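> My questions will all concern the structure given below.
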Amino acid sequence: MEIKLCHKKEPNKKSSKYIEIDLLDLETYFDFKETDEYNDIPSKKIGGKSLIEWFAIDDISYWWLISANIFPRFNEGVLFVERFLNLIKDKNPSCIILESFFDKYSLIEQICKKNNIQLKVNYRKKILFDFKLKFTEYIKPIRYRKILKKKEKKRFSIYNQKNNFPNPPNDYTLVTGINRRLNLPTINGEIKKQDFIVQPIIDLLKINNKPLLCVDLDYTSKGTTEFLSERLDTDVDWVPIEFFTHNPMSKKTKFKIKQLQNNIQLMIKNNMDEVFNYHGISLWPLLKSSFSDVSLDPYLPIYIHQIEKLEEFFSKHRPRVIIQAYEVGSLAKVFEIAAKKFNIKTIGIQHGILNEPEHDYMHKEIYSRENPLGNPIPDSTFVFGEYYKKILITDGSYQSDQLIVTGNPSWHQTETFKKIFNHDQILKNYNIFNKKIILIPLSFRIAYAKNNVSDRIVLNKIYESMGTQKDLIVIVRPHPGDEFDQTTLDRLYPNSNFKCSQASLVEDLIISDIVLITYSTVALEAAMFKKPVIYVNFNKTKKSQTYSKTPSLMIENGIALSATLEEIKDTINNIFEKKWVYDYNSKRDSFLKYFINYGEEVDMLKIIYQKTQD
């Protein structure tokens, strides 16, 4: 049997000579997950020094600023190896015909060689792919520099047009913001755009007259101004991160950047195949360009510049405390490193379900006075529940006194929301009458299909089996920050009962009958609203596999169900026909308390300012 790997299968085309496999097919051979292999890599020796040491200058390892840039590509390689090996085991091919996947050519070649499988390559397509790749790599430094300068100019211009922020008041609290979510509810029942996770904290500090300075962080490559413009129109003082870095960097910083770039070039002259290896397959060919990228302007040079300028700012305007919702991000690490120099208290807030393993949190090397090259983490991290505190201590390297159980600040008013919002009125607003409703919150951004294949597989399945069912509405909820609307949905799934969500998550949960999920924190939020949750397992090789322990425990406790792709329709109908009824007993409340501190009161103001360091 021969297998032909192509980017996308031609519809209704079959061949007696080979089986066509495309990206969607390959996805079904292993669920998306995060690998724990990566967490051992920072300590591996390369030419006598660890990866952490190669990136170290002046008792700071800048590895932790770019680790998040390297990991997605590493994990992509691991998933591809797992899926490809499972495909081979399932089909037992004698030959692989390569028409696409040329970015994975080295991995495919290694796997075929190890398994004595013939490899046939469309070299015309591969040569064209290699030429385009080589040209892209050649112009990348110039292109990146141009994009960065344009981004900085655009964002700082928006700030100058709307604001002229003076020096921050004494004893101020600094809060960084990332995403702004559409249509979040307030305790007064108003629906408006608000800041992800930190909005309740910002509101709390405003009500209690705590001086604030908020910083808009932008992780996009080309730069967005929408969130920044909206934030500048609020009654809170916001500045873009470019506020700190619009002045030129010092000669000392330029020298540090050059030194670090030289270190990276020296490091990669060593045998990197053994360092980045998975099941005997070297992932280095996939990662090499990523290590070159981190030396360019959007990454290490700008991060080091930001640290320099933040240190200058903090030396004159020292905040009482720094609070960050995505404290594991590279831009947030910049604030963390600068804060530690001045012994400023820092707080991070859990921003989603923590998985086991979890690249963002499960690093084995944590910063301390004895280990200054370790990963700089906040003095305190607010976690949703005791469950997450436990895994960060037992599976990670956090100390108990670094973790505080607070629940999710965005859901502290859940019971109030249930009373404010009317089920029938929401349906009227949606123009939905006498319909059963399935809510599908997307786990990733669908605008970038290569990062969101799992959601597409589920949507495709529902479209094929239930997409024209007249008594049913499927509300598709975009992932925060995604460029996705009804027009996009209609283009992907024409003439269907699919409706793109325009309401708040609270409203969607109130009116939904079933919540269908691949991977999302919405599963726990649905449980608070007593909604049946179905986790979709589209893995052909492991029928019981789930993304992490959280779904498994929800299923074990009768709070959720699991269904394969082929079982989805029957499982949905079983719920509609009352063959499976949600368990409303106290077991649910105990579970939610353990995972998200459900029903517990928390004095957020007290824990934010307690034990503030001098």
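Just remember, in the structure tokens the first chain shown is A, the second B, etc., residues are 1-based per chain, and ligands are 1-based in the order shown.
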Among range 126-340 of chain A, which ones does DSSP assign to strand (DSSP E or B) (computed from the backbone)? Answer as a PyMOL selection string.
chain A and resi 173-177+180-185+191-195+212-216+238-240+277-278+281-282+321-324
> Near Asp22 in chain A, within 7 Å and counting only C-alpha atoms, which residues show up once chain neighbours fewer than 2 positions away are dropped, as number ranges by chain?
A: 5-9, 20, 24-26
> Write the selection just made, keeping N, CA, C and O atoms, as an mmCIF file, in the first residue's frame?

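Result file follows (result-v1.cif):
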```
data_model
loop_
_atom_site.group_PDB
_atom_site.id
_atom_site.type_symbol
_atom_site.label_atom_id
_atom_site.label_comp_id
_atom_site.auth_asym_id
_atom_site.auth_seq_id
_atom_site.Cartn_x
_atom_site.Cartn_y
_atom_site.Cartn_z
ATOM 1 N N LEU A 5 0.938 11.919 0.728
ATOM 2 C CA LEU A 5 0.741 13.038 1.639
ATOM 3 C C LEU A 5 0.554 14.309 0.833
ATOM 4 O O LEU A 5 1.424 14.707 0.053
ATOM 5 N N CYS A 6 -0.585 14.954 1.003
ATOM 6 C CA CYS A 6 -0.874 16.183 0.269
ATOM 7 C C CYS A 6 -1.447 17.228 1.221
ATOM 8 O O CYS A 6 -1.907 16.908 2.315
ATOM 9 N N HIS A 7 -1.379 18.475 0.823
ATOM 10 C CA HIS A 7 -1.870 19.558 1.682
ATOM 11 C C HIS A 7 -3.372 19.439 1.910
ATOM 12 O O HIS A 7 -3.858 19.576 3.021
ATOM 13 N N LYS A 8 -4.109 19.175 0.829
ATOM 14 C CA LYS A 8 -5.557 19.027 0.925
ATOM 15 C C LYS A 8 -6.023 18.043 -0.130
ATOM 16 O O LYS A 8 -5.695 18.167 -1.304
ATOM 17 N N LYS A 9 -6.804 17.045 0.279
ATOM 18 C CA LYS A 9 -7.286 16.042 -0.653
ATOM 19 C C LYS A 9 -8.245 16.653 -1.670
ATOM 20 O O LYS A 9 -9.010 17.556 -1.344
ATOM 21 N N GLU A 20 -4.839 8.858 -0.172
ATOM 22 C CA GLU A 20 -4.473 10.256 0.061
ATOM 23 C C GLU A 20 -4.704 10.615 1.528
ATOM 24 O O GLU A 20 -5.755 10.311 2.096
ATOM 25 N N LEU A 24 -6.013 17.323 7.750
ATOM 26 C CA LEU A 24 -7.149 16.955 8.591
ATOM 27 C C LEU A 24 -7.127 15.465 8.934
ATOM 28 O O LEU A 24 -7.432 15.070 10.062
ATOM 29 N N ASP A 25 -6.745 14.636 7.966
ATOM 30 C CA ASP A 25 -6.638 13.190 8.218
ATOM 31 C C ASP A 25 -5.558 12.912 9.264
ATOM 32 O O ASP A 25 -5.752 12.134 10.200
ATOM 33 N N LEU A 26 -4.414 13.541 9.081
ATOM 34 C CA LEU A 26 -3.278 13.285 9.967
ATOM 35 C C LEU A 26 -3.585 13.691 11.400
ATOM 36 O O LEU A 26 -3.137 13.045 12.355
#
```
> Just the alpha helix (DSSP H) stuff from range 194-344 of chain A, please, per backbone DSSP, written as an MDAnalysis selection string.
chainID A and resid 199:207 226:232 242:245 251:267 284:293 300:316 330:341
> Pick from A:Lys104, A:His279, A:Lys549, A:Lys579: nearest to Phe129 in chain A, with only C-alpha atoms counted?
A:Lys104
> One decimal, Å: what's the distance from CA of Lys578 in chain A over to CA of Leu524 in chain A, could you say?
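Value for the CA of Lys578 in chain A-CA of Leu524 in chain A distance: 21.6 Å.
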> Could you list, as a list in words, every residue within 12 Å of Leu427 in chain A, counting only C-alpha atoms and ignoring same-chain residues fewer than 4 positions away?
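Answer for this query is Phe421, Asn422, His423, Asn431, Ile432, Phe433, Asn434, Lys435, Lys436, Ile437, Ile473, Ile475, Ala503, Glu507, Asp508, Leu509, Ile510, Ile511 and Ser512 of chain A.
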> Which distance in Å separates CA of Glu152 in chain A and CA of Glu242 in chain A, to one decimal?
6.4 Å
> Per residue of range 175-287 of chain A within 10 Å of range 338-350 of chain A, record the nearest atom pair and its distance in Å to one decimal, counting only C-alpha atoms, with rows in chain order and ascending residue number, as a Markdown table.

```
| residue | atom | partner | partner_atom | distance |
| --- | --- | --- | --- | --- |
| A:Val175 | CA | A:Ile347 | CA | 9.5 |
| A:Ile197 | CA | A:Ile349 | CA | 7.8 |
| A:Val198 | CA | A:Ile349 | CA | 8.3 |
```
> Using the selection just defined, write its residues with C-alpha atoms as a PDB file, in the first residue's frame.

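Final file, selection28.pdb:
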```pdb
ATOM      1  CA  VAL A 175      -1.334  46.289  35.502  1.00  0.00           C
ATOM      2  CA  ILE A 197      -9.048  38.424  33.413  1.00  0.00           C
ATOM      3  CA  VAL A 198      -7.741  41.744  34.830  1.00  0.00           C
TER       4      VAL A 198
END
```
> Here is a test: counting only C-alpha atoms, which residue of A:Ile158, A:Leu217, A:Ile201, A:Ile568 is nearest to Asn179 in chain A?
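That would be A:Leu217, the residue with the smallest distance to Asn179 in chain A.
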> Please determine, counting only C-alpha atoms, which residue among A:His363, A:Phe227, A:Gly189, A:Leu605 has the shortest atom-to-atom distance to Leu205 in chain A.
A:Leu605
> Between A:Ile46, A:Leu128, A:Ala56, A:Leu98, which residue has the minimum interatomic distance to Gln261 in chain A, considering only C-alpha atoms?
A:Ala56
> Which residues, written as an NGL selection string, have at least one atom at most 12 Å from Ile111 in chain A, with only C-alpha atoms counted and residues fewer than 2 positions away on the same chain left out?
:A and (80-89 or 95-96 or 104-109 or 113-119 or 278-283)
> Set out as JSON lines a contact list for range 500-607 of chain A and range 460-470 of chain A with a cut-off of 9 Å, giving each residue of range 500-607 of chain A that qualifies its closest atom pair and distance in Å to one decimal, counting only C-alpha atoms, ordered by chain and rising residue number.

```
{"residue": "A:Leu565", "atom": "CA", "partner": "A:Lys461", "partner_atom": "CA", "distance": 7.0}
{"residue": "A:Glu566", "atom": "CA", "partner": "A:Lys461", "partner_atom": "CA", "distance": 8.4}
{"residue": "A:Ile568", "atom": "CA", "partner": "A:Ile462", "partner_atom": "CA", "distance": 8.0}
{"residue": "A:Lys569", "atom": "CA", "partner": "A:Ser465", "partner_atom": "CA", "distance": 7.1}
```
> Excluding Asn271 in chain A and its own-chain neighbours fewer than 6 positions away, which residues fall within 12 Å of it when counting only C-alpha atoms? Please give them as a VMD selection string.
chain A and resid 44 to 48 277 282 284 to 285 288
> Would you output that residue set with all heavy atoms, as a tab-separated table (two decimals), in the first residue's frame?

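Output file result06.tsv follows:
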```
chain	number	residue	atom	x	y	z
A	44	LYS	N	19.96	20.59	29.37
A	44	LYS	CA	20.83	19.72	28.58
A	44	LYS	C	22.12	20.43	28.20
A	44	LYS	O	22.12	21.63	27.92
A	44	LYS	CB	20.10	19.25	27.31
A	44	LYS	CG	19.03	18.20	27.58
A	44	LYS	CD	18.50	17.64	26.27
A	44	LYS	CE	17.50	16.51	26.52
A	44	LYS	NZ	16.99	15.93	25.26
A	45	LYS	N	23.22	19.69	28.19
A	45	LYS	CA	24.52	20.25	27.89
A	45	LYS	C	24.76	20.32	26.38
A	45	LYS	O	24.52	19.38	25.65
A	45	LYS	CB	25.62	19.43	28.55
A	45	LYS	CG	25.59	19.45	30.07
A	45	LYS	CD	25.89	20.85	30.61
A	45	LYS	CE	25.89	20.87	32.14
A	45	LYS	NZ	26.17	22.23	32.67
A	46	ILE	N	25.23	21.47	25.96
A	46	ILE	CA	25.60	21.70	24.56
A	46	ILE	C	27.01	22.27	24.56
A	46	ILE	O	27.23	23.41	24.98
A	46	ILE	CB	24.64	22.69	23.87
A	46	ILE	CG1	23.18	22.25	24.04
A	46	ILE	CG2	24.99	22.88	22.41
A	46	ILE	CD1	22.17	23.31	23.63
A	47	GLY	N	27.98	21.48	24.15
A	47	GLY	CA	29.36	21.96	24.18
A	47	GLY	C	29.84	22.33	25.56
A	47	GLY	O	30.57	23.31	25.74
A	48	GLY	N	29.37	21.60	26.56
A	48	GLY	CA	29.83	21.82	27.94
A	48	GLY	C	28.99	22.80	28.74
A	48	GLY	O	29.20	22.95	29.95
A	277	ASN	N	15.64	16.05	20.25
A	277	ASN	CA	15.42	14.72	19.71
A	277	ASN	C	14.17	14.11	20.34
A	277	ASN	O	13.97	14.22	21.55
A	277	ASN	CB	16.64	13.84	19.99
A	277	ASN	CG	16.62	12.56	19.18
A	277	ASN	OD1	15.88	11.64	19.50
A	277	ASN	ND2	17.45	12.50	18.15
A	282	SER	N	15.44	13.51	15.04
A	282	SER	CA	15.94	14.86	15.33
A	282	SER	C	14.94	15.90	14.86
A	282	SER	O	14.53	15.92	13.69
A	282	SER	CB	17.28	15.09	14.62
A	282	SER	OG	17.67	16.45	14.75
A	284	TRP	N	15.74	19.11	15.16
A	284	TRP	CA	16.55	20.31	14.93
A	284	TRP	C	16.32	20.95	13.56
A	284	TRP	O	16.22	22.18	13.46
A	284	TRP	CB	18.02	20.01	15.15
A	284	TRP	CG	18.91	21.20	14.86
A	284	TRP	CD1	19.87	21.29	13.91
A	284	TRP	CD2	18.90	22.46	15.54
A	284	TRP	NE1	20.45	22.53	13.93
A	284	TRP	CE2	19.87	23.27	14.93
A	284	TRP	CE3	18.14	22.98	16.60
A	284	TRP	CZ2	20.12	24.57	15.35
A	284	TRP	CZ3	18.39	24.29	17.01
A	284	TRP	CH2	19.36	25.06	16.39
A	285	PRO	N	16.22	20.17	12.47
A	285	PRO	CA	15.95	20.81	11.16
A	285	PRO	C	14.69	21.67	11.16
A	285	PRO	O	14.61	22.67	10.44
A	285	PRO	CB	15.80	19.61	10.22
A	285	PRO	CG	16.60	18.53	10.83
A	285	PRO	CD	16.39	18.70	12.32
A	288	LYS	N	15.77	25.00	13.59
A	288	LYS	CA	16.95	25.82	13.32
A	288	LYS	C	16.59	27.25	12.97
A	288	LYS	O	17.19	28.21	13.47
A	288	LYS	CB	17.77	25.20	12.20
A	288	LYS	CG	19.13	25.85	12.01
A	288	LYS	CD	19.97	25.09	10.99
A	288	LYS	CE	21.35	25.73	10.86
A	288	LYS	NZ	22.19	25.00	9.87
```
> Tell me which of A:Gly177, A:Asn270, A:Gln413, A:Cys112 sits closest to Ala332 in chain A, counting only C-alpha atoms.
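Looking only at the distances to Ala332 in chain A, the closest residue turns out to be A:Gly177.
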> Could you check which of A:Ser400, A:Gln306, A:Asn170, A:Asn537 is closest to Ser330 in chain A, using only C-alpha atoms?
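Checking each candidate against Ser330 in chain A, we get A:Gln306 as the closest.
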> Interatomic distance between CA of Pro42 in chain A and CA of Val294 in chain A?
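Value for the CA of Pro42 in chain A-CA of Val294 in chain A distance: 15.8 Å.
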